[in-house]
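upload08.csv follows; it contains CSV, C-alpha atoms.
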chain,number,residue,atom,x,y,z
A,3,MET,CA,105.7,44.7,81.3
A,4,MET,CA,103.2,46.4,83.7
A,5,ASP,CA,100.0,47.7,82.2
A,6,LEU,CA,99.6,51.5,82.1
A,7,ASP,CA,96.3,51.3,84.0
A,8,THR,CA,97.9,49.4,86.9
A,9,ARG,CA,100.7,51.8,87.2
A,10,LEU,CA,98.7,55.0,87.3
A,11,PRO,CA,97.2,54.6,90.8
A,12,THR,CA,100.7,53.9,92.4
A,13,GLU,CA,102.6,56.6,90.5
A,14,GLN,CA,100.0,59.3,90.6
A,15,PRO,CA,98.1,60.2,93.8
A,16,PRO,CA,94.3,60.4,93.7
A,17,VAL,CA,92.8,63.8,92.7
A,18,ALA,CA,91.2,64.3,96.2
A,19,ALA,CA,94.5,63.8,97.9
A,20,ARG,CA,96.2,66.3,95.7
A,21,VAL,CA,93.5,68.8,96.3
A,22,ARG,CA,93.8,68.3,100.1
A,23,ARG,CA,97.6,68.9,99.9
A,24,PHE,CA,97.1,71.9,97.7
A,25,ALA,CA,94.5,73.4,100.1
A,26,LEU,CA,96.7,72.6,103.1
A,27,ARG,CA,99.7,74.4,101.6
A,28,HIS,CA,97.6,77.5,100.8
A,29,LYS,CA,95.9,77.4,104.2
A,30,TYR,CA,99.2,78.4,105.9
A,31,LEU,CA,100.4,80.7,103.1
A,32,PRO,CA,99.3,84.0,104.7
A,33,VAL,CA,100.8,83.2,108.1
A,34,THR,CA,104.0,82.0,106.5
A,35,ALA,CA,104.2,85.2,104.5
A,36,THR,CA,103.9,87.2,107.7
A,37,ALA,CA,106.6,85.2,109.4
A,38,VAL,CA,108.9,85.7,106.4
A,39,LEU,CA,108.2,89.5,106.5
A,40,ILE,CA,109.1,89.6,110.2
A,41,SER,CA,112.3,87.8,109.5
A,42,LEU,CA,113.3,90.2,106.7
A,43,MET,CA,112.4,93.3,108.8
A,44,TYR,CA,114.3,92.0,111.8
A,45,GLY,CA,117.3,91.0,109.6
A,46,LEU,CA,117.4,94.5,108.1
A,47,GLY,CA,117.2,96.1,111.5
A,48,VAL,CA,120.1,94.0,112.8
A,49,ILE,CA,122.2,94.8,109.7
A,50,ASN,CA,121.6,98.6,109.8
A,51,TYR,CA,121.3,99.5,113.5
A,52,SER,CA,123.7,98.9,116.3
A,53,GLY,CA,122.0,97.2,119.3
A,54,PHE,CA,119.0,96.0,117.3
A,55,SER,CA,119.9,92.4,117.9
A,56,ASP,CA,119.4,92.7,121.7
A,57,THR,CA,116.6,90.4,122.8
A,58,GLN,CA,115.2,93.1,125.0
A,59,ILE,CA,114.3,95.0,121.8
A,60,VAL,CA,111.8,92.3,120.8
A,61,LEU,CA,110.5,92.1,124.4
A,62,ASN,CA,110.0,95.8,124.4
A,63,ILE,CA,107.7,95.4,121.4
A,64,PHE,CA,105.5,93.2,123.5
A,65,ILE,CA,105.7,95.6,126.5
A,66,ASP,CA,104.7,98.6,124.3
A,67,ASN,CA,101.9,96.7,122.5
A,68,ALA,CA,100.5,94.3,125.2
A,69,PHE,CA,97.1,96.1,125.2
A,70,LEU,CA,96.9,96.1,121.4
A,71,LEU,CA,97.6,92.3,121.4
A,72,VAL,CA,94.7,91.7,123.7
A,73,VAL,CA,92.4,93.9,121.7
A,74,ALA,CA,93.5,92.2,118.5
A,75,VAL,CA,92.7,88.7,120.0
A,76,GLY,CA,89.1,89.9,120.4
A,77,MET,CA,89.1,91.3,116.9
A,78,THR,CA,90.3,87.9,115.5
A,79,PHE,CA,87.2,86.2,116.9
A,80,VAL,CA,85.0,88.8,115.2
A,81,ILE,CA,86.7,88.8,111.8
A,82,LEU,CA,86.8,85.0,111.8
A,83,THR,CA,83.0,85.1,111.7
A,84,GLY,CA,83.1,87.6,108.8
A,85,GLY,CA,82.3,90.6,111.0
A,86,ILE,CA,84.1,93.8,112.1
A,87,ASP,CA,84.3,95.8,115.3
A,88,LEU,CA,85.0,99.5,115.0
A,89,SER,CA,84.2,100.2,118.7
A,90,VAL,CA,87.3,98.6,120.3
A,91,GLY,CA,89.5,101.8,120.5
A,92,ALA,CA,86.6,103.8,122.0
A,93,VAL,CA,85.8,101.1,124.5
A,94,VAL,CA,89.5,101.0,125.5
A,95,ALA,CA,89.5,104.7,126.1
A,96,LEU,CA,86.2,104.5,128.0
A,97,THR,CA,87.7,101.8,130.2
A,98,THR,CA,90.7,103.9,131.1
A,99,MET,CA,88.4,106.8,132.0
A,100,VAL,CA,86.1,104.7,134.2
A,101,VAL,CA,89.1,103.1,135.9
A,102,ALA,CA,90.8,106.4,136.6
A,103,LEU,CA,87.5,108.0,137.8
A,104,LEU,CA,86.7,105.1,140.2
A,105,LEU,CA,90.2,104.9,141.6
A,106,GLU,CA,90.2,108.7,142.1
A,107,ASN,CA,86.9,108.4,144.1
A,108,GLY,CA,88.5,105.8,146.4
A,109,TRP,CA,87.1,102.5,144.9
A,110,PRO,CA,89.3,99.5,145.7
A,111,ALA,CA,91.2,98.0,142.8
A,112,ALA,CA,89.6,94.6,143.5
A,113,VAL,CA,86.3,96.2,142.6
A,114,VAL,CA,87.5,98.4,139.8
A,115,LEU,CA,89.0,95.5,137.7
A,116,PRO,CA,85.8,93.4,137.4
A,117,VAL,CA,83.7,96.5,136.8
A,118,ALA,CA,86.0,97.5,133.9
A,119,LEU,CA,85.8,94.1,132.3
A,120,LEU,CA,82.1,93.8,132.8
A,121,MET,CA,81.5,97.2,131.2
A,122,GLY,CA,83.5,96.1,128.1
A,123,ALA,CA,81.7,92.8,127.8
A,124,THR,CA,78.3,94.5,128.2
A,125,ILE,CA,79.0,96.9,125.4
A,126,GLY,CA,80.1,94.0,123.2
A,127,LEU,CA,77.0,92.0,124.1
A,128,GLY,CA,74.7,95.0,123.3
A,129,MET,CA,76.3,95.3,119.8
A,130,GLY,CA,76.0,91.5,119.2
A,131,LEU,CA,72.3,91.6,120.1
A,132,MET,CA,71.7,94.5,117.8
A,133,ILE,CA,73.5,92.7,114.9
A,134,HIS,CA,71.6,89.4,115.4
A,135,TYR,CA,68.1,90.4,116.5
A,136,PHE,CA,67.7,93.6,114.5
A,137,GLU,CA,69.9,92.4,111.6
A,138,VAL,CA,72.0,95.6,111.6
A,139,GLN,CA,75.2,95.4,109.6
A,140,PRO,CA,78.3,94.9,112.0
A,141,PHE,CA,79.9,98.1,110.5
A,142,ILE,CA,76.9,100.2,111.5
A,143,ALA,CA,76.3,98.6,114.9
A,144,THR,CA,79.9,98.9,116.0
A,145,LEU,CA,80.2,102.4,114.5
A,146,ALA,CA,77.3,103.3,116.8
A,147,GLY,CA,79.1,101.6,119.7
A,148,MET,CA,82.3,103.6,118.9
A,149,PHE,CA,80.4,106.9,119.0
A,150,LEU,CA,78.6,105.9,122.2
A,151,ALA,CA,81.8,104.9,124.0
A,152,ARG,CA,83.9,107.8,122.8
A,153,GLY,CA,81.1,110.3,123.8
A,154,LEU,CA,80.8,108.8,127.3
A,155,CYS,CA,84.5,109.5,127.7
A,156,TYR,CA,83.9,113.2,127.4
A,157,VAL,CA,80.8,113.0,129.6
A,158,ILE,CA,83.1,111.8,132.3
A,159,SER,CA,85.7,114.4,131.7
A,160,THR,CA,87.3,116.4,128.9
A,161,GLU,CA,90.6,116.3,130.6
A,162,SER,CA,93.1,113.6,131.4
A,163,ILE,CA,92.6,111.9,134.8
A,164,GLY,CA,95.8,110.7,136.5
A,165,ILE,CA,96.0,107.4,138.4
A,166,ASP,CA,97.9,107.4,141.6
A,167,ASP,CA,96.5,104.3,143.2
A,168,PRO,CA,99.3,102.3,145.0
A,169,PHE,CA,98.2,99.0,143.5
A,170,TRP,CA,98.0,100.4,140.0
A,171,GLU,CA,101.4,102.0,140.3
A,172,ARG,CA,103.0,98.8,141.6
A,173,VAL,CA,101.6,96.7,138.7
A,174,ALA,CA,102.6,99.4,136.2
A,175,ASN,CA,106.2,99.5,137.4
A,176,ALA,CA,106.6,95.8,138.2
A,177,GLN,CA,109.2,93.9,136.0
A,178,ILE,CA,109.5,90.2,135.7
A,179,TRP,CA,113.2,89.4,135.1
A,180,PHE,CA,114.7,86.2,133.5
A,181,GLY,CA,118.2,85.7,132.1
A,182,GLY,CA,119.1,89.4,132.1
A,183,TRP,CA,115.8,90.5,130.3
A,184,PHE,CA,112.5,91.6,131.6
A,185,ILE,CA,108.8,91.8,130.7
A,186,THR,CA,105.9,93.5,132.5
A,187,ILE,CA,102.8,92.0,134.1
A,188,SER,CA,100.8,93.3,131.1
A,189,VAL,CA,102.8,91.2,128.7
A,190,LEU,CA,102.2,88.1,130.9
A,191,VAL,CA,98.4,88.8,130.9
A,192,ALA,CA,98.4,89.3,127.1
A,193,LEU,CA,100.2,86.0,126.5
A,194,VAL,CA,97.8,84.2,128.8
A,195,VAL,CA,94.9,85.7,126.8
A,196,VAL,CA,96.5,84.5,123.6
A,197,LEU,CA,97.0,81.0,124.9
A,198,ILE,CA,93.4,80.7,126.2
A,199,ALA,CA,92.0,82.1,122.9
A,200,ALA,CA,94.1,79.8,120.8
A,201,TYR,CA,92.9,76.8,122.8
A,202,VAL,CA,89.3,77.9,122.5
A,203,LEU,CA,89.5,78.3,118.7
A,204,ALA,CA,91.5,75.1,118.1
A,205,TYR,CA,90.0,72.6,120.5
A,206,THR,CA,86.5,73.6,121.5
A,207,LYS,CA,83.1,73.3,119.9
A,208,PHE,CA,82.7,77.0,120.1
A,209,GLY,CA,85.9,77.5,118.2
A,210,ARG,CA,84.7,75.2,115.4
A,211,ASP,CA,81.4,77.1,115.3
A,212,VAL,CA,83.3,80.4,114.9
A,213,TYR,CA,85.1,79.0,111.8
A,214,ALA,CA,81.9,77.5,110.4
A,215,VAL,CA,79.9,80.7,110.7
A,216,GLY,CA,82.7,82.6,109.1
A,217,GLY,CA,83.1,80.1,106.3
A,218,ASN,CA,79.4,79.9,105.3
A,219,PRO,CA,76.6,81.1,107.7
A,220,GLN,CA,73.9,79.4,105.6
A,221,SER,CA,75.6,76.0,105.7
A,222,ALA,CA,76.3,76.4,109.4
A,223,MET,CA,72.6,77.1,110.0
A,224,LEU,CA,71.6,74.1,108.0
A,225,MET,CA,74.0,71.9,110.0
A,226,GLY,CA,72.2,72.9,113.2
A,227,LEU,CA,74.8,75.3,114.5
A,228,ARG,CA,73.6,78.3,116.6
A,229,VAL,CA,74.8,81.0,114.3
A,230,GLY,CA,73.1,83.8,116.2
A,231,ARG,CA,74.5,82.7,119.6
A,232,THR,CA,78.0,82.4,118.1
A,233,ARG,CA,77.9,85.9,116.6
A,234,ILE,CA,76.6,87.4,119.9
A,235,ALA,CA,79.4,85.6,121.8
A,236,VAL,CA,82.2,86.8,119.6
A,237,TYR,CA,81.2,90.5,120.0
A,238,THR,CA,80.9,89.9,123.7
A,239,ILE,CA,84.4,88.5,123.7
A,240,SER,CA,85.7,91.4,121.7
A,241,GLY,CA,84.1,93.8,124.2
A,242,LEU,CA,85.7,91.9,127.1
A,243,CYS,CA,89.1,92.0,125.4
A,244,SER,CA,88.7,95.7,124.8
A,245,GLY,CA,87.9,96.2,128.5
A,246,LEU,CA,91.0,94.2,129.5
A,247,GLY,CA,93.0,96.1,126.9
A,248,GLY,CA,91.8,99.4,128.5
A,249,VAL,CA,93.0,98.1,131.9
A,250,LEU,CA,96.4,97.2,130.5
A,251,LEU,CA,96.6,100.7,128.8
A,252,SER,CA,95.8,102.3,132.1
A,253,PHE,CA,98.7,100.4,133.6
A,254,TYR,CA,100.9,101.6,130.7
A,255,MET,CA,99.8,105.3,130.8
A,256,LEU,CA,98.7,105.6,134.4
A,257,SER,CA,95.9,107.9,133.3
A,258,GLY,CA,92.5,107.9,131.7
A,259,TYR,CA,91.8,110.1,128.8
A,260,GLY,CA,89.1,110.3,126.1
A,261,LEU,CA,91.8,110.5,123.4
A,262,HIS,CA,93.6,107.4,124.4
A,263,ALA,CA,93.5,104.6,121.8
A,264,SER,CA,92.5,106.8,118.9
A,265,GLY,CA,92.7,104.7,115.8
A,266,MET,CA,93.4,101.5,117.8
A,267,GLU,CA,90.5,99.8,116.0
A,268,LEU,CA,92.4,100.2,112.7
A,269,ASP,CA,95.6,99.0,114.2
A,270,ALA,CA,93.8,95.9,115.6
A,271,ILE,CA,92.2,95.2,112.2
A,272,ALA,CA,95.6,95.7,110.5
A,273,ALA,CA,97.3,93.3,112.9
A,274,VAL,CA,94.7,90.6,112.3
A,275,VAL,CA,94.7,90.9,108.5
A,276,ILE,CA,98.5,91.1,108.2
A,277,GLY,CA,98.5,88.0,110.5
A,278,GLY,CA,96.7,86.1,107.8
A,279,THR,CA,93.0,86.1,108.9
A,280,LEU,CA,90.7,86.5,106.0
A,281,LEU,CA,88.5,89.5,106.1
A,282,THR,CA,85.7,87.4,104.7
A,283,GLY,CA,86.0,85.1,107.7
A,284,GLY,CA,86.4,81.3,108.1
A,285,SER,CA,90.2,81.2,108.0
A,286,GLY,CA,92.9,82.5,110.4
A,287,TYR,CA,95.0,81.7,113.5
A,288,LEU,CA,95.8,83.5,116.7
A,289,LEU,CA,99.5,82.9,116.0
A,290,GLY,CA,99.1,85.0,112.9
A,291,THR,CA,97.5,87.8,115.0
A,292,VAL,CA,100.6,87.8,117.3
A,293,LEU,CA,102.9,88.0,114.3
A,294,GLY,CA,100.7,90.9,112.9
A,295,VAL,CA,101.2,92.8,116.2
A,296,LEU,CA,104.9,92.1,116.0
A,297,VAL,CA,105.0,93.5,112.4
A,298,LEU,CA,103.4,96.8,113.6
A,299,GLY,CA,105.8,96.9,116.6
A,300,LEU,CA,108.8,96.3,114.4
A,301,ILE,CA,107.8,99.1,112.1
A,302,GLN,CA,107.7,101.5,115.0
A,303,THR,CA,111.0,100.2,116.4
A,304,ILE,CA,112.8,100.6,113.0
A,305,ILE,CA,111.5,104.1,112.6
A,306,THR,CA,112.7,105.0,116.1
A,307,PHE,CA,116.2,103.6,115.4
A,308,GLN,CA,116.3,105.5,112.1
A,309,GLY,CA,115.7,108.7,114.0
A,310,ASP,CA,115.2,111.0,111.0
A,311,LEU,CA,111.7,109.7,110.0
A,312,SER,CA,108.4,111.1,111.1
A,313,SER,CA,106.2,108.8,113.2
A,314,TRP,CA,103.6,109.1,110.4
A,315,TRP,CA,105.8,106.8,108.3
A,316,THR,CA,104.5,104.0,110.6
A,317,LYS,CA,101.0,104.5,109.2
A,318,ILE,CA,102.3,104.6,105.7
A,319,PHE,CA,104.1,101.3,106.0
A,320,ILE,CA,101.2,99.7,107.8
A,321,GLY,CA,98.9,100.8,104.9
A,322,LEU,CA,101.3,99.4,102.3
A,323,PHE,CA,101.6,96.0,104.1
A,324,LEU,CA,97.8,95.9,104.6
A,325,PHE,CA,97.3,96.4,100.9
A,326,VAL,CA,99.8,93.7,100.0
A,327,PHE,CA,98.3,91.2,102.4
A,328,ILE,CA,94.7,91.9,101.2
A,329,VAL,CA,95.9,91.2,97.7
A,330,LEU,CA,97.6,88.0,98.9
A,331,GLN,CA,94.3,86.9,100.5
A,332,ARG,CA,92.4,87.5,97.4
A,333,ALA,CA,94.9,85.5,95.4
A,334,VAL,CA,94.8,82.6,97.9
A,335,THR,CA,91.0,82.5,98.0
A,336,ARG,CA,90.8,82.5,94.2
A,337,ARG,CA,93.3,79.6,93.9
A,338,ARG,CA,91.3,77.6,96.5
A,339,ARG,CA,88.1,78.1,94.4

What does the file become when written as structure tokens?
Amino acid sequence: MMDLDTRLPTEQPPVAARVRRFALRHKYLPVTATAVLISLMYGLGVINYSGFSDTQIVLNIFIDNAFLLVVAVGMTFVILTGGIDLSVGAVVALTTMVVALLLENGWPAAVVLPVALLMGATIGLGMGLMIHYFEVQPFIATLAGMFLARGLCYVISTESIGIDDPFWERVANAQIWFGGWFITISVLVALVVVLIAAYVLAYTKFGRDVYAVGGNPQSAMLMGLRVGRTRIAVYTISGLCSGLGGVLLSFYMLSGYGLHASGMELDAIAAVVIGGTLLTGGSGYLLGTVLGVLVLGLIQTIITFQGDLSSWWTKIFIGLFLFVFIVLQRAVTRRRR
């Protein structure tokens, strides 16, 4: 008969291995919950509404939210470090205004595009420098950036500026067809941004630094990581993504207006959090952010198919889902501890 002490190691895994498996399961719990939510929402839509199962319906969600997806990618970098960026919506609006103004004054599109991206990145860089060197809280620094960008919109013009540039109109109206369905160039750009960002976070030293700074800034500093440079970089990336999001929104709206993207910063934060990224930083995935944007788009689509609900119900459902996922995050972090 085998002694009890000799059987225990073979029948019961070591404590460290069990802890690792437990942490691994809970690591993917928020993203899994988002995927389950999308499946339930899509299933309810297919059951209740005729034509909801058409693949083009899902593609239309990406078409209508390509600019939000790009902005949410930048927000993911910021939130992973434990920060927040309230300026993204205003920077998007300012970008549309600058693009429309320059095109109206005869600037070539090949010059307008890099100017728009550089402007967004510069605003993000400025906020990152303020946060790091002057130790200003991200909430306050990006709030100042939001007021600055939104105010500059109305310095340019209080009215909407239409875009009639031939290149801009061609890109805005272009459709990429495959198998009877289509997407726009903006969707293609958004997906490329997601892939690049996912690679950076998963396979580069900078990506590891982002997670380390969000997990524990003091430990990251003791490990020799450049915490300040990482924080400045993520706000610059967020500003760059906001500038690109503004360009995509100008394709979508073919106009620049100071009221464009009102509240987009809240939509981007909601998409990132619903996608499973912890508000405290250090945990999250780009795939989750994509799923979070899909959740917001599905809510809008279901309300549109319903027909008798106000568009304000979109905000109500987003608020409810956001509350649920924040509670889920708290539960997961407590179980980890």

Using only C-alpha atoms, what table do you get, as a Markdown table, when you list each residue of range 125-184 of chain A with an atom no more than 7 Å from range 77-101 of chain A, its nearest pair of atoms, and their distance in Å rounded to one decimal, rows by chain then rising number?
| residue | atom | partner | partner_atom | distance |
| --- | --- | --- | --- | --- |
| A:Pro140 | CA | A:Ile86 | CA | 5.9 |
| A:Phe141 | CA | A:Ile86 | CA | 6.2 |
| A:Thr144 | CA | A:Leu88 | CA | 5.2 |
| A:Leu145 | CA | A:Leu88 | CA | 5.6 |
| A:Gly147 | CA | A:Ser89 | CA | 5.4 |
| A:Met148 | CA | A:Ser89 | CA | 3.9 |
| A:Ala151 | CA | A:Ala92 | CA | 5.3 |
| A:Arg152 | CA | A:Ala92 | CA | 4.9 |
| A:Leu154 | CA | A:Leu96 | CA | 6.9 |
| A:Cys155 | CA | A:Leu96 | CA | 5.3 |

Residues as selected, C-alpha atoms, written as a PDB file, in the frame of the given file, can you do that?
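Contents of selection38.pdb, as written:
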ATOM      1  CA  PRO A 140      78.300  94.900 112.000  1.00  0.00           C
ATOM      2  CA  PHE A 141      79.900  98.100 110.500  1.00  0.00           C
ATOM      3  CA  THR A 144      79.900  98.900 116.000  1.00  0.00           C
ATOM      4  CA  LEU A 145      80.200 102.400 114.500  1.00  0.00           C
ATOM      5  CA  GLY A 147      79.100 101.600 119.700  1.00  0.00           C
ATOM      6  CA  MET A 148      82.300 103.600 118.900  1.00  0.00           C
ATOM      7  CA  ALA A 151      81.800 104.900 124.000  1.00  0.00           C
ATOM      8  CA  ARG A 152      83.900 107.800 122.800  1.00  0.00           C
ATOM      9  CA  LEU A 154      80.800 108.800 127.300  1.00  0.00           C
ATOM     10  CA  CYS A 155      84.500 109.500 127.700  1.00  0.00           C
TER      11      CYS A 155
END

Which of these, A:Leu324, A:Leu330, A:Ile301, A:Val189, has the shortest distance to Ala176 in chain A once you count only C-alpha atoms?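 Checking each of A:Leu324, A:Leu330, A:Ile301, A:Val189 against Ala176 in chain A, counting only C-alpha atoms, the winner is A:Val189.
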
What does the distance from CA of Arg172 in chain A to CA of Trp109 in chain A come to in Å, to one decimal?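 Between these atoms lies a distance of 16.7 Å.
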
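For the residues A:Tyr156, A:Phe208, A:Trp314, A:Phe64, ranking by smallest atom-to-atom distance to Ala235 in chain A using all atoms listed in the file places A:Phe208 first.
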
Contacts of Arg233 in chain A at 12 Å or less, counting all atoms listed in the file, minus same-chain residues fewer than 2 places along, as an MDAnalysis selection string? chainID A and resid 79:87 126:135 137 140 208:209 211:216 219 227:231 235:240

Please determine, counting all atoms listed in the file, which residue among A:Val297, A:Leu70, A:Pro168, A:Val173 has the shortest atom-to-atom distance to Phe323 in chain A.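 Counting all atoms listed in the file, the residue closest to Phe323 in chain A is A:Val297.
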
Neighbours of Leu250 in chain A within 8 Å (only C-alpha atoms; same-chain residues fewer than 6 positions away dropped), as a PyMOL selection string? chain A and resi 68-69+188

For CA of Leu322 in chain A and CA of Ile49 in chain A, quote the distance in Å rounded to one decimal.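 A separation of 22.6 Å between them.
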
Might you pull out every residue within 8 Å of Thr186 in chain A, with all atoms listed in the file counted and same-chain residues fewer than 5 positions away left off, and present them as a count of residues only? 6

Check the smallest atom-to-atom distance from each of A:Gln139, A:Val202, A:Gly217, A:Asn107 to Gly283 in chain A using all atoms listed in the file, then report the winner.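 Using all atoms listed in the file, Gly283 in chain A sits closest to A:Gly217.
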
Residue nearest Gly47 in chain A among A:Gln308, A:Gln331, A:Thr316, A:Thr160 (counting only C-alpha atoms):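 Using only C-alpha atoms, Gly47 in chain A sits closest to A:Gln308.
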